There are 2 protein chains.
Amino acid sequence: MSEARLTGPVRIVGVGLLGASIGLGLRAKGVEVILADASPTHLAIAADYGAGRPAAPDDVPQLVVVCVPPDVTAAVVASELAANPTAIVTDVASVKLAIHDDLVARGADLSRYLGTHPMAGRELGGPMSGRADLFVGRPWVVAAHDRISYRDASVIDDLILDLGATLVELTPEQHDRAVALVSHVPQVVSTLMARRLIDAPHASVNLAGQGIRDVTRVAASDPELWVQILGQNSAPVIEILRGYRDDLDRFIDALDDLEAPGARRRIAEELFGGNTGVERLPGKHGVDRRYASLIVMVDDRPGQLAKLFNDVGDAGVNLEDLRLEHSPGAQVGLAEISVLPEVLERLTDELAARGWRIAG
Amino acid sequence: MSEARLTGPVRIVGVGLLGASIGLGLRAKGVEVILADASPTHLAIAADYGAGRPAAPDDVPQLVVVCVPPDVTAAVVASELAANPTAIVTDVASVKLAIHDDLVARGADLSRYLGTHPMAGRELGGPMSGRADLFVGRPWVVAAHDRISYRDASVIDDLILDLGATLVELTPEQHDRAVALVSHVPQVVSTLMARRLIDAPHASVNLAGQGIRDVTRVAASDPELWVQILGQNSAPVIEILRGYRDDLDRFIDALDDLEAPGARRRIAEELFGGNTGVERLPGKHGVDRRYASLIVMVDDRPGQLAKLFNDVGDAGVNLEDLRLEHSPGAQVGLAEISVLPEVLERLTDELAARGWRIAG
């Protein structure tokens, strides 16, 4: 393993999912990690999992990472700046401008602060879900401002690189607009779709398939956290929601009068625009474009999956990702194997030669 | 394999994904299948894949299954009823009332027709994506009416049961309301979200994560097909979209004036309603509730996955489903294994005893 860039120690305030994962990742690189949390239980769990050691009164951290909810982040950052006069302080909240402006209003020392936001996470929160590799390959945004020197900010670059993330530099405004579009508005759109289910007939919800499940997947969430996030990023979110609402109005009007001249064409254009929009996402249809995939039919007999992976290994191919589709009660499942594009053809030939049925 | 209920032969008109899959499924049960399609190429491919044999002039089918696009379904059903005076005829279009009403208007013989809709499908269409087990365990709706006798309708029950699906009886109106909610409106909602990406800044789309990807997954679709579907189910779709739009208006207003009394509470309630809605979907958060899952950490070394499956098999446990989460470049992946709930504890103990790290 390569040596860490950070000298440390790094003090982490708040050891939920993000804080614990940062601790685990830095410990894996041999960096000294100090943990603080308002909850003694969270602290104990995180320390037990190896995310770091509990804070001591005479600690002098090189870097402080504040990982608390967004509505108390600015206050905690200000307090940590004051309590650790030689440290650089950062936070990982999912809104940046509101926190920056709050710190300016408090007269905090921005020459030692730089806000960031790791774009990573899992459905299960809390320190027990922490993973050392949570950030590997994921974007980590730095909300750049001009009051901190390049040299002082480099310790935050080191944090991001030591955790294996991809550093992305944006202004606080650019960041907030971006997360409004790819995270906050989808949350609202998904939630409003889910609300249509509340009083729906039993017969309707029982026919639920991938359409409604995909659209509502992010809707089940922590309402209190999202009130904070949306409240602190309301301007960009409102702007996008208004555009969405206007589009929706036009769509309803066209659908309501299909025989009107151009109505069907307008609907078709709206739908085609969906395709155009999806094409702008990195990767095809949201799938990681770095990999190619093939689908192999796997009989529902003991040992078949193991045999498939043995054969993939024998072909000298590294399995990048896997999805198994197995309708309950079906005699056969479909294993979608993702590999590097350059090995796809050889792997297909070798598996077919060993009798595997390739579905697509 | 159990014997088929259907005597056959079954004539399939239109051998895209659904038609080809029905053919494959029936052939697997030993039922004679006749294929017809406007495209000689589709026909040849489907026959080559084993979905049935091309139609001959003297065929006398027991059952005709019309699997053509919704806008021509009624015409083809009427024509098949006339051309096969002893056959029962069904269709598989995703709208039912419009087709029923169209057939009534044409004076077609409804005593030999019963519309149905298999709730199954895959992202890739066409005969080459056909699967014999596409319908296994999936709902197949029968749009019941009172002009066909119980005895005559039983051949359609036999079709559904022979293909392993779960028969669900609804009126055409109940069906159309249901698919409006769980399929058609999610398509519109997803498409309108994707449209917000069209002119978005590069910096924004590059931060795309699971939120935007999940909400827009169904948005990339066949616009022409969806104009047909939405056009033939406009009333229920408009009703739900209007409810959605009104909710959205209220949400925007609350977010725009957060300091107004009750605004934050209103937003929190809207968000919590999302949780309530999702809870109505069968299975927890869209996940199949029939199974329990455990997450096992798998080192990124050759042969580790195969070893895991061998150990699961040695424990005498059947693997119902699998998802592998593998951040690119990470040293470790997470394998989420789904099994029957009653074996979860034993499997966890046995894998832990063999040195596997259980993550959750």
# chains A, B, ... in the order shown; residues from 1 in each chain; ligands from 1
$ calpha_fit_rmsd --fixed "chain B" --moving "chain A"
0.1 Å
$ select_by_dssp --residues "stretch 84-286 of chain A" --states "strand (DSSP E or B)" --output "ChimeraX atom specification"
/A:88-91,113,115-118,139-143,166-170
$ atom_distance --atom1 "atom CA of B:Ala78" --atom2 "atom CA of B:Leu18"
19.9 Å
$ residues_around --residues "B:Ala105" --least-positions-apart "6" --cutoff "12 Å" --atoms "only C-alpha atoms" --output "list in words"
Ala74, Ala75, Ala78, Ala98 and Ile99 of chain B
$ closest_residue --among "B:Asp37, B:Asp152, B:Asp71, B:Asp314" --to "B:Thr86" --atoms "only C-alpha atoms"
B:Asp152
$ select_by_dssp --residues "stretch 240-307 of chain A" --states "helix (DSSP H, G or I)" --output "ChimeraX atom specification"
/A:240-256,263-279,284-286,304-307
$ closest_residue --among "A:Met297, A:Val13, A:Met119, A:Ala153" --to "chain B" --atoms "only C-alpha atoms"
A:Met119
$ closest_residue --among "B:Glu342, B:Glu173, B:Asp214, B:Asp257" --to "chain A" --atoms "only C-alpha atoms"
B:Asp214
$ residues_around --residues "A:Arg354" --least-positions-apart "5" --cutoff "10 Å" --atoms "only C-alpha atoms" --output "short mmCIF file (atom, residue, chain, number, x, y, z; two decimals) with N, CA, C and O atoms, in the first residue's frame"
data_model
loop_
_atom_site.label_atom_id
_atom_site.label_comp_id
_atom_site.auth_asym_id
_atom_site.auth_seq_id
_atom_site.Cartn_x
_atom_site.Cartn_y
_atom_site.Cartn_z
N LEU A 308 -19.18 -21.02 -12.90
CA LEU A 308 -19.04 -19.89 -13.81
C LEU A 308 -17.88 -19.00 -13.39
O LEU A 308 -17.04 -18.61 -14.21
N ASP A 311 -14.63 -20.56 -14.14
CA ASP A 311 -14.29 -20.50 -15.57
C ASP A 311 -13.84 -19.09 -15.97
O ASP A 311 -12.94 -18.93 -16.81
N ASP A 349 -15.90 -16.01 -26.03
CA ASP A 349 -15.51 -17.22 -26.76
C ASP A 349 -15.17 -18.36 -25.79
O ASP A 349 -15.59 -19.50 -25.99
#
$ closest_residue --among "A:Gly130, A:Pro172, A:Gly137, A:Gly19" --to "chain B" --atoms "only C-alpha atoms"
A:Gly137
$ closest_residue --among "A:Ala51, A:Val185, A:Val142, A:Leu271" --to "B:Ala219" --atoms "only C-alpha atoms"
A:Leu271
$ atom_distance --atom1 "atom CA of A:Asn206" --atom2 "atom CA of B:Pro236"
17.2 Å
$ residues_around --residues "A:Met193" --least-positions-apart "6" --cutoff "9 Å" --atoms "only C-alpha atoms" --output "ChimeraX atom specification"
/A:212,215-216,219 /B:185-186,189,244,274,277
$ write_last_selection --atoms "N, CA and C atoms" --output "PDB file, in the first residue's frame"
ATOM      1  N   ILE A 212     -42.294   2.051 -11.219  1.00  0.00           N
ATOM      2  CA  ILE A 212     -42.584   2.772  -9.978  1.00  0.00           C
ATOM      3  C   ILE A 212     -41.475   2.545  -8.947  1.00  0.00           C
ATOM      4  N   VAL A 215     -38.422   4.853  -9.825  1.00  0.00           N
ATOM      5  CA  VAL A 215     -38.676   6.278  -9.608  1.00  0.00           C
ATOM      6  C   VAL A 215     -38.797   6.596  -8.121  1.00  0.00           C
ATOM      7  N   THR A 216     -39.286   5.660  -7.320  1.00  0.00           N
ATOM      8  CA  THR A 216     -39.494   5.953  -5.897  1.00  0.00           C
ATOM      9  C   THR A 216     -38.392   5.428  -4.993  1.00  0.00           C
ATOM     10  N   ALA A 219     -37.122   7.820  -2.484  1.00  0.00           N
ATOM     11  CA  ALA A 219     -38.151   8.555  -1.747  1.00  0.00           C
ATOM     12  C   ALA A 219     -38.190   8.178  -0.276  1.00  0.00           C
TER      13      ALA A 219
ATOM     14  N   VAL B 185     -47.487   6.870 -15.317  1.00  0.00           N
ATOM     15  CA  VAL B 185     -47.101   8.130 -14.682  1.00  0.00           C
ATOM     16  C   VAL B 185     -45.620   8.129 -14.287  1.00  0.00           C
ATOM     17  N   PRO B 186     -45.087   7.030 -13.726  1.00  0.00           N
ATOM     18  CA  PRO B 186     -43.632   7.016 -13.489  1.00  0.00           C
ATOM     19  C   PRO B 186     -42.829   7.297 -14.754  1.00  0.00           C
ATOM     20  N   VAL B 189     -43.041  11.118 -15.208  1.00  0.00           N
ATOM     21  CA  VAL B 189     -42.275  11.779 -14.137  1.00  0.00           C
ATOM     22  C   VAL B 189     -40.774  11.624 -14.385  1.00  0.00           C
ATOM     23  N   TYR B 244     -50.301  15.114  -8.841  1.00  0.00           N
ATOM     24  CA  TYR B 244     -48.852  15.312  -8.696  1.00  0.00           C
ATOM     25  C   TYR B 244     -48.501  16.789  -8.846  1.00  0.00           C
ATOM     26  N   GLY B 274     -43.652  10.586   1.467  1.00  0.00           N
ATOM     27  CA  GLY B 274     -42.911   9.738   0.545  1.00  0.00           C
ATOM     28  C   GLY B 274     -42.614   8.378   1.167  1.00  0.00           C
ATOM     29  N   GLY B 277     -45.788   6.339   1.260  1.00  0.00           N
ATOM     30  CA  GLY B 277     -46.116   5.814  -0.055  1.00  0.00           C
ATOM     31  C   GLY B 277     -45.285   4.603  -0.419  1.00  0.00           C
TER      32      GLY B 277
END
$ closest_residue --among "B:Arg250, B:Arg5, B:His100, B:Arg147" --to "B:Ile160" --atoms "only C-alpha atoms"
B:Arg5
$ residues_around --residues "A:Ala28" --least-positions-apart "6" --cutoff "12 Å" --atoms "only C-alpha atoms" --output "VMD selection string"
(chain A and resid 1 to 4 21 to 22 49 to 52 131 to 133 162 to 164) or (chain B and resid 331)
$ residues_around --residues "B:Ile34" --least-positions-apart "5" --cutoff "6 Å" --atoms "only C-alpha atoms" --output "MDAnalysis selection string"
chainID B and resid 11 52:55
$ atom_distance --atom1 "atom CA of A:Ile267" --atom2 "atom CA of B:Leu241"
14.2 Å
$ decode --residues "stretch 66-79 of chain B" --atoms "N, CA and C atoms" --output "CSV table (one decimal), in the first residue's frame"
chain,number,residue,atom,x,y,z
B,66,VAL,N,-52.5,-12.2,-29.6
B,66,VAL,CA,-52.1,-11.1,-30.4
B,66,VAL,C,-51.1,-10.2,-29.6
B,67,CYS,N,-49.9,-10.1,-30.1
B,67,CYS,CA,-48.8,-9.4,-29.4
B,67,CYS,C,-48.2,-8.3,-30.3
B,68,VAL,N,-49.1,-7.4,-30.8
B,68,VAL,CA,-48.7,-6.3,-31.7
B,68,VAL,C,-48.8,-5.0,-30.9
B,69,PRO,N,-48.3,-3.9,-31.4
B,69,PRO,CA,-48.3,-2.6,-30.7
B,69,PRO,C,-49.8,-2.2,-30.4
B,70,PRO,N,-50.0,-1.5,-29.3
B,70,PRO,CA,-51.4,-1.2,-28.9
B,70,PRO,C,-52.2,-0.5,-29.9
B,71,ASP,N,-51.7,0.3,-30.8
B,71,ASP,CA,-52.5,1.1,-31.7
B,71,ASP,C,-53.1,0.3,-32.8
B,72,VAL,N,-52.6,-0.9,-33.0
B,72,VAL,CA,-53.2,-1.8,-34.1
B,72,VAL,C,-53.8,-3.1,-33.4
B,73,THR,N,-53.7,-3.2,-32.1
B,73,THR,CA,-54.2,-4.4,-31.5
B,73,THR,C,-55.6,-4.7,-31.7
B,74,ALA,N,-56.5,-3.7,-31.6
B,74,ALA,CA,-57.9,-4.0,-31.8
B,74,ALA,C,-58.2,-4.5,-33.2
B,75,ALA,N,-57.6,-3.8,-34.2
B,75,ALA,CA,-57.8,-4.2,-35.6
B,75,ALA,C,-57.4,-5.7,-35.8
B,76,VAL,N,-56.2,-6.0,-35.2
B,76,VAL,CA,-55.7,-7.4,-35.4
B,76,VAL,C,-56.5,-8.4,-34.7
B,77,VAL,N,-57.0,-8.1,-33.5
B,77,VAL,CA,-57.8,-9.0,-32.7
B,77,VAL,C,-59.1,-9.2,-33.5
B,78,ALA,N,-59.7,-8.2,-34.1
B,78,ALA,CA,-61.0,-8.3,-34.8
B,78,ALA,C,-60.7,-9.2,-36.0
B,79,SER,N,-59.6,-9.0,-36.7
B,79,SER,CA,-59.3,-9.8,-37.9
B,79,SER,C,-59.0,-11.3,-37.5
